[in-house]
>>> print(open('my_file02.cif').read())   # mmCIF, C-alpha atoms
data_input
loop_
_atom_site.label_atom_id
_atom_site.label_comp_id
_atom_site.auth_asym_id
_atom_site.auth_seq_id
_atom_site.Cartn_x
_atom_site.Cartn_y
_atom_site.Cartn_z
CA MET X 113 -174.41 108.91 -42.41
CA GLU X 114 -173.96 112.00 -44.57
CA LYS X 115 -170.60 113.73 -44.14
CA GLY X 116 -170.06 117.44 -43.64
CA LYS X 117 -168.69 119.65 -46.40
CA LEU X 118 -165.10 119.42 -45.12
CA ASN X 119 -165.52 116.02 -43.44
CA ALA X 120 -163.69 117.50 -40.46
CA ILE X 121 -164.21 118.94 -37.00
CA THR X 122 -164.14 122.39 -38.59
CA ASP X 123 -167.53 121.67 -40.16
CA ILE X 124 -168.79 123.01 -36.82
CA GLU X 125 -169.00 126.76 -37.35
CA GLY X 126 -166.37 128.68 -35.40
CA VAL X 127 -164.13 125.72 -34.61
CA ALA X 128 -160.52 126.31 -35.66
CA VAL X 129 -157.43 124.07 -35.72
CA GLY X 130 -153.75 125.03 -35.74
CA HIS X 131 -150.47 123.08 -35.73
CA VAL X 132 -146.82 123.61 -34.96
CA THR X 133 -144.67 120.73 -36.24
CA LEU X 134 -141.11 120.12 -35.06
CA GLY X 135 -138.78 117.80 -36.94
CA GLY X 136 -135.10 117.17 -37.61
CA PRO X 137 -131.94 116.01 -35.83
CA ILE X 138 -130.73 117.61 -32.62
CA GLU X 139 -127.37 115.97 -31.89
CA GLY X 140 -126.06 112.44 -31.94
CA GLU X 141 -128.99 110.07 -32.38
CA ASP X 142 -131.49 112.51 -30.89
CA PHE X 143 -134.28 113.78 -33.09
CA ARG X 144 -137.19 116.17 -32.86
CA CYS X 145 -140.31 114.44 -34.17
CA THR X 146 -143.17 116.08 -32.31
CA GLY X 147 -145.36 119.16 -32.14
CA VAL X 148 -148.47 120.89 -30.86
CA THR X 149 -152.06 120.98 -32.11
CA ALA X 150 -154.59 123.56 -30.91
CA ILE X 151 -158.38 123.21 -31.22
CA LEU X 152 -160.38 126.39 -30.60
CA PRO X 153 -164.10 125.80 -29.87
CA HIS X 154 -165.00 129.25 -31.23
CA GLY X 155 -163.32 132.41 -32.48
CA GLY X 156 -164.17 134.62 -29.50
CA ASN X 157 -162.77 134.99 -26.01
CA LEU X 158 -162.93 131.46 -24.61
CA PHE X 159 -162.55 132.56 -20.99
CA GLU X 160 -165.39 135.07 -21.18
CA GLU X 161 -167.57 132.77 -23.32
CA LYS X 162 -167.04 129.17 -22.21
CA VAL X 163 -168.53 126.14 -23.97
CA PRO X 164 -170.43 123.22 -22.40
CA ALA X 165 -168.09 120.22 -22.21
CA ALA X 166 -167.43 116.79 -20.74
CA SER X 167 -164.82 114.06 -20.82
CA PHE X 168 -164.73 110.28 -20.65
CA VAL X 169 -161.70 108.26 -19.63
CA LEU X 170 -161.80 104.84 -21.27
CA ASN X 171 -158.35 103.86 -19.99
CA GLY X 172 -156.55 106.24 -17.68
CA PHE X 173 -152.88 105.65 -18.56
CA GLY X 174 -152.56 109.34 -19.48
CA LYS X 175 -151.21 112.65 -18.24
CA THR X 176 -153.85 115.12 -19.36
CA ALA X 177 -154.36 118.49 -17.67
CA GLY X 178 -157.62 120.21 -16.84
CA LEU X 179 -160.16 117.40 -17.02
CA VAL X 180 -160.96 117.37 -13.29
CA GLN X 181 -162.46 120.86 -13.51
CA VAL X 182 -164.19 120.10 -16.80
CA GLU X 183 -165.99 117.24 -15.09
CA GLU X 184 -166.82 119.37 -12.04
CA LEU X 185 -168.11 122.50 -13.80
CA GLY X 186 -169.06 121.15 -17.23
CA VAL X 187 -167.34 123.81 -19.32
CA ILE X 188 -164.13 124.40 -21.27
CA GLU X 189 -162.61 127.89 -21.13
CA SER X 190 -159.40 127.48 -23.13
CA PRO X 191 -158.16 126.05 -26.41
CA ILE X 192 -157.90 122.27 -26.30
CA MET X 193 -154.21 121.51 -26.73
CA LEU X 194 -152.55 118.27 -27.86
CA THR X 195 -148.86 117.34 -27.62
CA ASN X 196 -146.47 114.63 -26.39
CA THR X 197 -146.36 113.28 -22.83
CA PHE X 198 -143.36 115.23 -21.56
CA SER X 199 -144.54 118.52 -23.10
CA VAL X 200 -147.83 118.89 -21.25
CA GLY X 201 -146.22 121.36 -18.82
CA ALA X 202 -144.69 123.54 -21.54
CA VAL X 203 -147.92 123.59 -23.56
CA LEU X 204 -149.91 124.39 -20.43
CA GLU X 205 -147.60 127.33 -19.71
CA GLY X 206 -147.76 128.64 -23.27
CA THR X 207 -151.54 128.42 -23.37
CA ILE X 208 -151.80 130.24 -20.04
CA ARG X 209 -149.53 132.97 -21.41
CA HIS X 210 -151.79 133.36 -24.44
CA MET X 211 -154.93 133.47 -22.33
CA LEU X 212 -153.43 135.95 -19.85
CA GLY X 213 -152.59 138.24 -22.77
CA GLU X 214 -156.23 138.18 -23.85
CA ASN X 215 -157.65 138.49 -20.33
CA PRO X 216 -155.86 140.87 -17.92
CA ALA X 217 -158.41 139.99 -15.20
CA ILE X 218 -157.46 136.31 -14.95
CA GLY X 219 -155.69 135.62 -11.65
CA ASP X 220 -156.17 139.23 -10.56
CA SER X 221 -159.70 140.60 -10.33
CA SER X 222 -161.22 137.42 -11.76
CA SER X 223 -160.82 133.71 -11.13
CA SER X 224 -157.96 131.45 -12.19
CA LEU X 225 -157.85 129.58 -15.51
CA ASN X 226 -158.36 125.92 -16.41
CA VAL X 227 -156.40 124.85 -19.50
CA VAL X 228 -157.06 121.48 -21.15
CA VAL X 229 -154.04 119.59 -22.54
CA GLY X 230 -154.08 116.04 -23.93
CA GLU X 231 -151.03 113.92 -24.72
CA CYS X 232 -149.71 110.76 -26.33
CA ASN X 233 -146.28 109.14 -26.00
CA ASP X 234 -144.20 109.71 -29.16
CA SER X 235 -140.87 108.52 -27.67
CA TYR X 236 -140.26 105.83 -30.32
CA LEU X 237 -139.58 108.48 -32.98
CA ASN X 238 -139.14 111.60 -30.85
CA SER X 239 -136.37 112.23 -28.31
CA MET X 240 -139.01 113.07 -25.75
CA ARG X 241 -136.48 113.55 -22.93
CA ARG X 242 -135.12 116.59 -24.77
CA MET X 243 -138.50 118.33 -24.35
CA ALA X 244 -138.24 120.18 -27.66
CA VAL X 245 -141.73 121.66 -27.38
CA ARG X 246 -141.56 125.02 -25.62
CA PRO X 247 -144.31 127.38 -24.40
CA GLU X 248 -143.92 129.60 -27.47
CA HIS X 249 -144.86 126.66 -29.71
CA ALA X 250 -148.20 126.39 -27.94
CA GLU X 251 -148.78 130.12 -28.42
CA GLU X 252 -147.89 129.80 -32.11
CA ALA X 253 -150.28 126.88 -32.60
CA ILE X 254 -153.12 128.92 -31.09
CA ARG X 255 -152.31 131.99 -33.21
CA SER X 256 -152.17 129.87 -36.37
CA ALA X 257 -155.51 128.16 -35.72
CA ALA X 258 -158.05 128.82 -38.48
CA PRO X 259 -161.44 127.53 -39.58
CA GLY X 260 -161.78 125.49 -42.77
CA ALA X 261 -159.56 122.72 -44.08
CA PHE X 262 -156.40 121.89 -42.11
CA ALA X 263 -153.44 119.53 -42.40
CA GLN X 264 -153.83 115.98 -41.11
CA GLY X 265 -151.51 113.03 -40.60
CA ALA X 266 -147.94 113.45 -39.32
CA VAL X 267 -148.35 117.11 -38.38
CA GLY X 268 -148.54 119.05 -35.13
CA ALA X 269 -148.95 116.75 -32.16
CA GLY X 270 -149.23 113.85 -34.62
CA LYS X 271 -145.73 114.18 -36.03
CA GLY X 272 -144.25 111.27 -34.06
CA MET X 273 -147.32 109.11 -33.45
CA ILE X 274 -147.80 105.46 -34.48
CA CYS X 275 -151.16 103.77 -35.08
CA TYR X 276 -151.55 100.00 -35.58
CA GLY X 277 -147.83 99.76 -36.28
CA ALA X 278 -148.00 102.27 -39.17
CA LYS X 279 -147.62 106.03 -39.20
CA GLY X 280 -150.50 107.69 -37.37
CA GLY X 281 -151.15 111.21 -36.16
CA VAL X 282 -153.99 113.70 -36.55
CA GLY X 283 -157.21 112.72 -38.31
CA SER X 284 -160.68 114.21 -38.55
CA SER X 285 -164.17 113.51 -39.86
CA SER X 286 -167.77 114.71 -39.47
CA ARG X 287 -171.36 113.56 -39.83
CA LEU X 288 -174.72 115.31 -40.21
CA ALA X 289 -177.98 114.60 -38.38
CA ARG X 290 -181.15 116.12 -39.86
CA HIS X 291 -184.47 116.44 -38.05
CA ALA X 292 -187.52 118.70 -38.42
CA GLY X 293 -185.80 121.03 -40.85
CA ARG X 294 -182.69 121.45 -38.68
CA THR X 295 -179.22 120.07 -39.34
CA PHE X 296 -176.80 119.23 -36.55
CA THR X 297 -173.14 118.40 -37.11
CA VAL X 298 -170.82 116.17 -35.09
CA GLY X 299 -167.12 116.49 -35.89
CA THR X 300 -164.23 114.54 -34.42
CA LEU X 301 -160.47 115.11 -34.30
CA VAL X 302 -158.19 112.33 -33.10
CA LEU X 303 -154.56 111.98 -32.13
CA THR X 304 -153.78 108.32 -32.87
CA ASN X 305 -150.93 106.48 -31.19
CA PHE X 306 -152.30 103.06 -30.32
CA GLY X 307 -152.80 99.44 -31.32
CA ARG X 308 -150.84 96.56 -32.83
CA GLY X 309 -150.92 95.91 -36.55
CA HIS X 310 -152.78 92.60 -36.36
CA GLU X 311 -155.68 94.20 -34.45
CA CYS X 312 -156.75 96.65 -37.18
CA LEU X 313 -160.11 95.92 -38.83
CA PHE X 314 -160.15 98.52 -41.62
CA PRO X 315 -161.02 96.99 -45.03
CA GLY X 316 -157.96 96.29 -47.15
CA TRP X 317 -155.56 96.77 -44.24
CA VAL X 318 -152.09 95.31 -44.74
CA THR X 319 -150.53 94.47 -41.38
CA PRO X 320 -147.16 96.25 -41.05
CA GLU X 321 -144.08 94.22 -40.27
CA GLU X 322 -143.01 94.55 -36.67
CA PRO X 323 -139.60 96.25 -36.41
CA ALA X 324 -136.66 93.93 -35.89
CA PRO X 325 -135.01 94.38 -32.48
CA GLU X 326 -132.04 96.71 -32.66
CA THR X 327 -128.60 95.18 -32.16
CA PRO X 328 -127.59 95.65 -28.51
CA VAL X 329 -124.70 98.06 -28.18
CA ALA X 330 -122.30 97.73 -25.26
CA GLU X 331 -122.10 100.88 -23.16
CA SER X 332 -119.16 102.07 -21.11
CA GLY X 333 -120.22 99.89 -18.21
CA GLY X 334 -120.54 96.84 -20.43
CA SER X 335 -124.34 96.63 -20.09
CA THR X 336 -126.54 95.81 -23.06
CA SER X 337 -130.25 95.93 -23.77
CA ASP X 338 -132.36 94.09 -26.27
CA GLN X 339 -135.48 96.06 -25.33
CA ASP X 340 -134.39 99.36 -26.86
CA ASP X 341 -136.69 99.08 -29.85
CA LYS X 342 -139.82 98.27 -27.84
CA ARG X 343 -142.66 100.62 -28.68
CA PRO X 344 -144.87 101.98 -25.87
CA ASP X 345 -148.46 100.77 -25.71
CA GLY X 346 -149.58 104.16 -27.00
CA SER X 347 -152.66 106.29 -26.48
CA VAL X 348 -155.43 108.12 -28.28
CA ILE X 349 -157.02 111.49 -27.64
CA ILE X 350 -160.46 111.96 -29.20
CA VAL X 351 -162.06 115.41 -29.37
CA VAL X 352 -165.75 115.40 -30.32
CA ALA X 353 -167.43 118.69 -31.20
CA THR X 354 -171.02 119.43 -32.12
CA ASP X 355 -173.30 122.36 -32.89
CA ALA X 356 -176.22 120.53 -31.29
CA PRO X 357 -177.33 122.26 -28.07
CA LEU X 358 -176.20 119.62 -25.60
CA ASP X 359 -175.45 120.22 -21.92
CA SER X 360 -172.48 118.74 -20.09
CA ARG X 361 -174.32 115.58 -19.06
CA GLN X 362 -175.43 114.90 -22.62
CA LEU X 363 -171.93 115.61 -23.92
CA GLY X 364 -170.65 112.95 -21.54
CA ARG X 365 -173.04 110.49 -23.16
CA LEU X 366 -171.79 111.58 -26.60
CA ALA X 367 -168.17 111.07 -25.53
CA LYS X 368 -168.91 107.49 -24.46
CA ARG X 369 -170.24 106.70 -27.94
CA ALA X 370 -166.95 107.85 -29.47
CA ALA X 371 -165.37 104.95 -27.58
CA ILE X 372 -167.50 102.62 -29.73
CA GLY X 373 -166.04 104.20 -32.86
CA LEU X 374 -162.56 103.56 -31.48
CA GLY X 375 -163.42 99.94 -30.73
CA ARG X 376 -164.81 99.39 -34.22
CA THR X 377 -161.32 99.97 -35.65
CA GLY X 378 -160.04 96.88 -33.81
CA THR X 379 -158.10 97.94 -30.74
CA HIS X 380 -158.77 96.19 -27.45
CA ILE X 381 -157.29 99.08 -25.39
CA HIS X 382 -153.88 98.04 -24.11
CA ASN X 383 -152.91 98.24 -20.45
CA GLY X 384 -150.49 101.10 -21.02
CA SER X 385 -152.75 103.07 -23.36
CA GLY X 386 -154.34 106.37 -22.38
CA ASP X 387 -157.68 106.48 -24.19
CA ILE X 388 -159.35 109.79 -23.37
CA ILE X 389 -162.31 111.54 -24.98
CA ILE X 390 -163.17 115.25 -24.68
CA SER X 391 -166.47 116.58 -26.01
CA PHE X 392 -167.92 120.07 -26.32
CA SER X 393 -170.84 121.91 -27.88
CA ALA X 394 -170.30 125.12 -29.84
CA ALA X 395 -174.05 125.75 -30.15
CA GLN X 396 -174.04 128.40 -27.44
CA THR X 397 -171.68 129.75 -24.83
CA VAL X 398 -171.74 130.12 -21.07
CA PRO X 399 -170.84 133.69 -20.02
CA HIS X 400 -168.21 134.21 -17.33
CA GLY X 401 -169.41 136.15 -14.31
CA GLY X 402 -172.05 138.86 -14.56
CA GLU X 403 -174.72 140.11 -12.19
CA GLU X 404 -177.54 137.84 -13.33
CA PRO X 405 -177.86 134.66 -11.21
CA THR X 406 -179.30 132.62 -14.10
CA CYS X 407 -178.90 132.21 -17.83
CA THR X 408 -181.20 130.63 -20.40
CA ARG X 409 -179.98 128.15 -22.98
CA GLU X 410 -181.56 125.77 -25.46
CA VAL X 411 -181.06 122.09 -24.58
CA MET X 412 -181.76 119.01 -26.67
CA LYS X 413 -184.48 116.62 -25.47
CA ASP X 414 -182.99 113.32 -24.36
CA ASP X 415 -185.92 111.32 -25.69
CA HIS X 416 -185.97 112.90 -29.15
CA PRO X 417 -184.88 110.58 -32.00
CA VAL X 418 -182.14 113.03 -32.98
CA MET X 419 -180.14 111.94 -29.92
CA ASN X 420 -179.67 108.50 -31.43
CA ASP X 421 -178.47 110.10 -34.64
CA LEU X 422 -175.97 112.23 -32.72
CA PHE X 423 -174.67 109.10 -31.00
CA GLN X 424 -174.29 107.37 -34.36
CA ALA X 425 -172.57 110.45 -35.76
CA ALA X 426 -170.02 110.40 -32.93
CA ILE X 427 -169.32 106.71 -33.56
CA GLU X 428 -168.95 107.04 -37.34
CA SER X 429 -166.91 110.26 -37.27
CA THR X 430 -164.52 108.81 -34.68
CA GLU X 431 -164.01 105.63 -36.67
CA GLU X 432 -163.31 107.53 -39.89
CA ALA X 433 -161.13 110.15 -38.18
CA ILE X 434 -158.82 107.33 -37.07
CA LEU X 435 -158.74 106.05 -40.65
CA GLN X 436 -158.01 109.55 -41.96
CA SER X 437 -155.03 109.85 -39.60
CA LEU X 438 -153.58 106.75 -41.30
CA LEU X 439 -154.46 107.82 -44.85
CA HIS X 440 -152.86 111.26 -44.48
CA ALA X 441 -149.69 110.30 -42.58
CA GLU X 442 -146.49 109.80 -44.55
CA THR X 443 -143.48 107.59 -43.81
CA THR X 444 -141.54 109.34 -41.04
CA SER X 445 -138.01 108.97 -39.70
CA GLY X 446 -136.97 109.72 -36.14
CA ARG X 447 -134.43 109.13 -33.43
CA LYS X 448 -131.83 106.35 -33.60
CA GLY X 449 -132.47 106.04 -37.34
CA ARG X 450 -135.92 104.58 -36.78
CA LEU X 451 -138.48 104.64 -39.55
CA VAL X 452 -142.26 104.21 -39.35
CA LYS X 453 -143.87 103.57 -42.72
CA LYS X 454 -147.07 104.93 -44.15
CA ALA X 455 -150.10 102.63 -43.80
CA VAL X 456 -150.76 100.30 -46.74
CA PHE X 457 -154.21 99.22 -47.95
CA GLU X 458 -154.86 96.60 -50.61
CA SER X 459 -158.08 98.40 -51.54
CA ASN X 460 -159.74 101.73 -50.83
CA PRO X 461 -161.03 101.49 -47.23
CA LEU X 462 -163.54 104.27 -47.92
CA ALA X 463 -165.15 102.50 -50.87
#
>>> encode(input="my_file02.cif", output="structure tokens")
Amino acid sequence: MEKGKLNAITDIEGVAVGHVTLGGPIEGEDFRCTGVTAILPHGGNLFEEKVPAASFVLNGFGKTAGLVQVEELGVIESPIMLTNTFSVGAVLEGTIRHMLGENPAIGDSSSSLNVVVGECNDSYLNSMRRMAVRPEHAEEAIRSAAPGAFAQGAVGAGKGMICYGAKGGVGSSSRLARHAGRTFTVGTLVLTNFGRGHECLFPGWVTPEEPAPETPVAESGGSTSDQDDKRPDGSVIIVVATDAPLDSRQLGRLAKRAAIGLGRTGTHIHNGSGDIIISFSAAQTVPHGGEEPTCTREVMKDDHPVMNDLFQAAIESTEEAILQSLLHAETTSGRKGRLVKKAVFESNPLA
């Protein structure tokens, strides 16, 4: 399908992306190799003007925050935040702080707040136990979020991620669906941290060498371990955005199609992988509160041919976003002297 101008999630008008990237040694063999990525569905007040949303859990080995309420009420009312597994709490706190600053009524004269945070396990490269990400990093990522082109690869939440045995991270892509003189865009952003090298199906893919086990080192008690270099099964967070006027139920259907795009890259979804998809529509907002008991919104017809095109757009943009995360990421070093190399292709996989 035809790609958007930026070939990114920010091809949807109003959507903005921001990163905070943390890297460098801490002490001893510990290393910061992590970060935060913020996705803003529009440039206004997200609590006062919510967006229709849904989620789909393909494999639930994850520690996300906020998806229970998204599924119950069908809206998102905060930035969508991405980080590492042990930093969900800190990012949640920082995002709440930001939202409270914008909305004095939250938790006082108005309702509470539901913040959405997704995560992947970056503990192979990042000393995750040190919890380097703090609430202020989440606030900074939100403040830095901007429309237009944005950095991809080993940045923000993607700094320490591994995909198919090579360096992964943040990737994005978009597709256009045209019908009856109207153009609808589907854009996807992924955080890739999954798969084994031999599974990847991208054209020209060169399977990375598996890392040699580290030499066991005797500790004070005399114990040794030959499992120290084992990489976790990984995860992927997929965020699908559109400017098509879809309601929450339809966005759930769109999210399921993104799982097909993930599968087309080769992964068979490992036992310990958290594969979670979040979808939203920026076509129109849902106002918070007010005196009127009803509101009127445009909604796409389920039986119109454009729905099939939107499904295809979600599949294609997800598949390419995963590829873009590999193409943009650079060789990255992390804790214990570990190194994850940039992906290698024998030929251009986009040709």
>>> resolve_selection(input="my_file02.cif", expression="the PyMOL selection byres ((chain X and resi 249) around 12)", output="VMD selection string")
chain X and resid 130 to 134 146 to 150 193 to 195 199 to 200 202 to 207 209 to 210 243 to 248 250 to 256 268 to 269
>>> resolve_selection(input="my_file02.cif", expression="the PyMOL selection byres ((chain X and resi 279) around 12)", output="JSON, numbers by chain")
{"X": [234, 236, 237, 264, 265, 266, 267, 270, 271, 272, 273, 274, 275, 276, 277, 278, 280, 281, 282, 283, 303, 304, 305, 306, 307, 308, 309, 320, 434, 435, 436, 437, 438, 439, 440, 441, 442, 443, 444, 445, 446, 451, 452, 453, 454, 455, 456]}
>>> resolve_selection(input="my_file02.cif", expression="the PyMOL selection byres ((chain X and resi 356) around 6)", output="ChimeraX atom specification")
/X:296,354-355,357-358,395
>>> residues_around(input="my_file02.cif", residues="X:Ile390", least_positions_apart="2", cutoff="12 Å", atoms="only C-alpha atoms", output="VMD selection string")
chain X and resid 151 153 164 to 170 176 to 180 182 to 183 186 to 188 192 to 194 228 to 230 299 to 303 348 to 354 360 363 to 371 387 to 388 392 to 393 426 430
>>> write_last_selection(input="my_file02.cif", atoms="C-alpha atoms", output="PDB file, in the coordinates of the input")
ATOM      1  CA  ILE X 151    -158.380 123.210 -31.220  1.00  0.00           C
ATOM      2  CA  PRO X 153    -164.100 125.800 -29.870  1.00  0.00           C
ATOM      3  CA  PRO X 164    -170.430 123.220 -22.400  1.00  0.00           C
ATOM      4  CA  ALA X 165    -168.090 120.220 -22.210  1.00  0.00           C
ATOM      5  CA  ALA X 166    -167.430 116.790 -20.740  1.00  0.00           C
ATOM      6  CA  SER X 167    -164.820 114.060 -20.820  1.00  0.00           C
ATOM      7  CA  PHE X 168    -164.730 110.280 -20.650  1.00  0.00           C
ATOM      8  CA  VAL X 169    -161.700 108.260 -19.630  1.00  0.00           C
ATOM      9  CA  LEU X 170    -161.800 104.840 -21.270  1.00  0.00           C
ATOM     10  CA  THR X 176    -153.850 115.120 -19.360  1.00  0.00           C
ATOM     11  CA  ALA X 177    -154.360 118.490 -17.670  1.00  0.00           C
ATOM     12  CA  GLY X 178    -157.620 120.210 -16.840  1.00  0.00           C
ATOM     13  CA  LEU X 179    -160.160 117.400 -17.020  1.00  0.00           C
ATOM     14  CA  VAL X 180    -160.960 117.370 -13.290  1.00  0.00           C
ATOM     15  CA  VAL X 182    -164.190 120.100 -16.800  1.00  0.00           C
ATOM     16  CA  GLU X 183    -165.990 117.240 -15.090  1.00  0.00           C
ATOM     17  CA  GLY X 186    -169.060 121.150 -17.230  1.00  0.00           C
ATOM     18  CA  VAL X 187    -167.340 123.810 -19.320  1.00  0.00           C
ATOM     19  CA  ILE X 188    -164.130 124.400 -21.270  1.00  0.00           C
ATOM     20  CA  ILE X 192    -157.900 122.270 -26.300  1.00  0.00           C
ATOM     21  CA  MET X 193    -154.210 121.510 -26.730  1.00  0.00           C
ATOM     22  CA  LEU X 194    -152.550 118.270 -27.860  1.00  0.00           C
ATOM     23  CA  VAL X 228    -157.060 121.480 -21.150  1.00  0.00           C
ATOM     24  CA  VAL X 229    -154.040 119.590 -22.540  1.00  0.00           C
ATOM     25  CA  GLY X 230    -154.080 116.040 -23.930  1.00  0.00           C
ATOM     26  CA  GLY X 299    -167.120 116.490 -35.890  1.00  0.00           C
ATOM     27  CA  THR X 300    -164.230 114.540 -34.420  1.00  0.00           C
ATOM     28  CA  LEU X 301    -160.470 115.110 -34.300  1.00  0.00           C
ATOM     29  CA  VAL X 302    -158.190 112.330 -33.100  1.00  0.00           C
ATOM     30  CA  LEU X 303    -154.560 111.980 -32.130  1.00  0.00           C
ATOM     31  CA  VAL X 348    -155.430 108.120 -28.280  1.00  0.00           C
ATOM     32  CA  ILE X 349    -157.020 111.490 -27.640  1.00  0.00           C
ATOM     33  CA  ILE X 350    -160.460 111.960 -29.200  1.00  0.00           C
ATOM     34  CA  VAL X 351    -162.060 115.410 -29.370  1.00  0.00           C
ATOM     35  CA  VAL X 352    -165.750 115.400 -30.320  1.00  0.00           C
ATOM     36  CA  ALA X 353    -167.430 118.690 -31.200  1.00  0.00           C
ATOM     37  CA  THR X 354    -171.020 119.430 -32.120  1.00  0.00           C
ATOM     38  CA  SER X 360    -172.480 118.740 -20.090  1.00  0.00           C
ATOM     39  CA  LEU X 363    -171.930 115.610 -23.920  1.00  0.00           C
ATOM     40  CA  GLY X 364    -170.650 112.950 -21.540  1.00  0.00           C
ATOM     41  CA  ARG X 365    -173.040 110.490 -23.160  1.00  0.00           C
ATOM     42  CA  LEU X 366    -171.790 111.580 -26.600  1.00  0.00           C
ATOM     43  CA  ALA X 367    -168.170 111.070 -25.530  1.00  0.00           C
ATOM     44  CA  LYS X 368    -168.910 107.490 -24.460  1.00  0.00           C
ATOM     45  CA  ARG X 369    -170.240 106.700 -27.940  1.00  0.00           C
ATOM     46  CA  ALA X 370    -166.950 107.850 -29.470  1.00  0.00           C
ATOM     47  CA  ALA X 371    -165.370 104.950 -27.580  1.00  0.00           C
ATOM     48  CA  ASP X 387    -157.680 106.480 -24.190  1.00  0.00           C
ATOM     49  CA  ILE X 388    -159.350 109.790 -23.370  1.00  0.00           C
ATOM     50  CA  PHE X 392    -167.920 120.070 -26.320  1.00  0.00           C
ATOM     51  CA  SER X 393    -170.840 121.910 -27.880  1.00  0.00           C
ATOM     52  CA  ALA X 426    -170.020 110.400 -32.930  1.00  0.00           C
ATOM     53  CA  THR X 430    -164.520 108.810 -34.680  1.00  0.00           C
TER      54      THR X 430
END
>>> residues_near_point(input="my_file02.cif", point="(-157.0, 128.7, -14.7)", cutoff="9 Å", atoms="all atoms listed in the file", output="list in words")
Gly178, Glu189, Ser190, Ile208, Ile218, Gly219, Ser223, Ser224, Leu225, Asn226 and Val227 of chain X
>>> write_last_selection(input="my_file02.cif", atoms="C-alpha atoms", output="CSV table (one decimal), in the coordinates of the input")
chain,number,residue,atom,x,y,z
X,178,GLY,CA,-157.6,120.2,-16.8
X,189,GLU,CA,-162.6,127.9,-21.1
X,190,SER,CA,-159.4,127.5,-23.1
X,208,ILE,CA,-151.8,130.2,-20.0
X,218,ILE,CA,-157.5,136.3,-15.0
X,219,GLY,CA,-155.7,135.6,-11.6
X,223,SER,CA,-160.8,133.7,-11.1
X,224,SER,CA,-158.0,131.4,-12.2
X,225,LEU,CA,-157.8,129.6,-15.5
X,226,ASN,CA,-158.4,125.9,-16.4
X,227,VAL,CA,-156.4,124.8,-19.5
>>> atom_distance(input="my_file02.cif", atom1="atom CA of X:Gln424", atom2="atom CA of X:Lys115")
12.2 Å
>>> atom_distance(input="my_file02.cif", atom1="atom CA of X:Thr379", atom2="atom CA of X:Leu313")
8.6 Å
>>> closest_residue(input="my_file02.cif", among="X:Asn233, X:Asn119, X:Asn238, X:Asn420", to="X:Gly136", atoms="all atoms listed in the file")
X:Asn238
>>> atom_distance(input="my_file02.cif", atom1="atom CA of X:Cys145", atom2="atom CA of X:Arg241")
11.9 Å
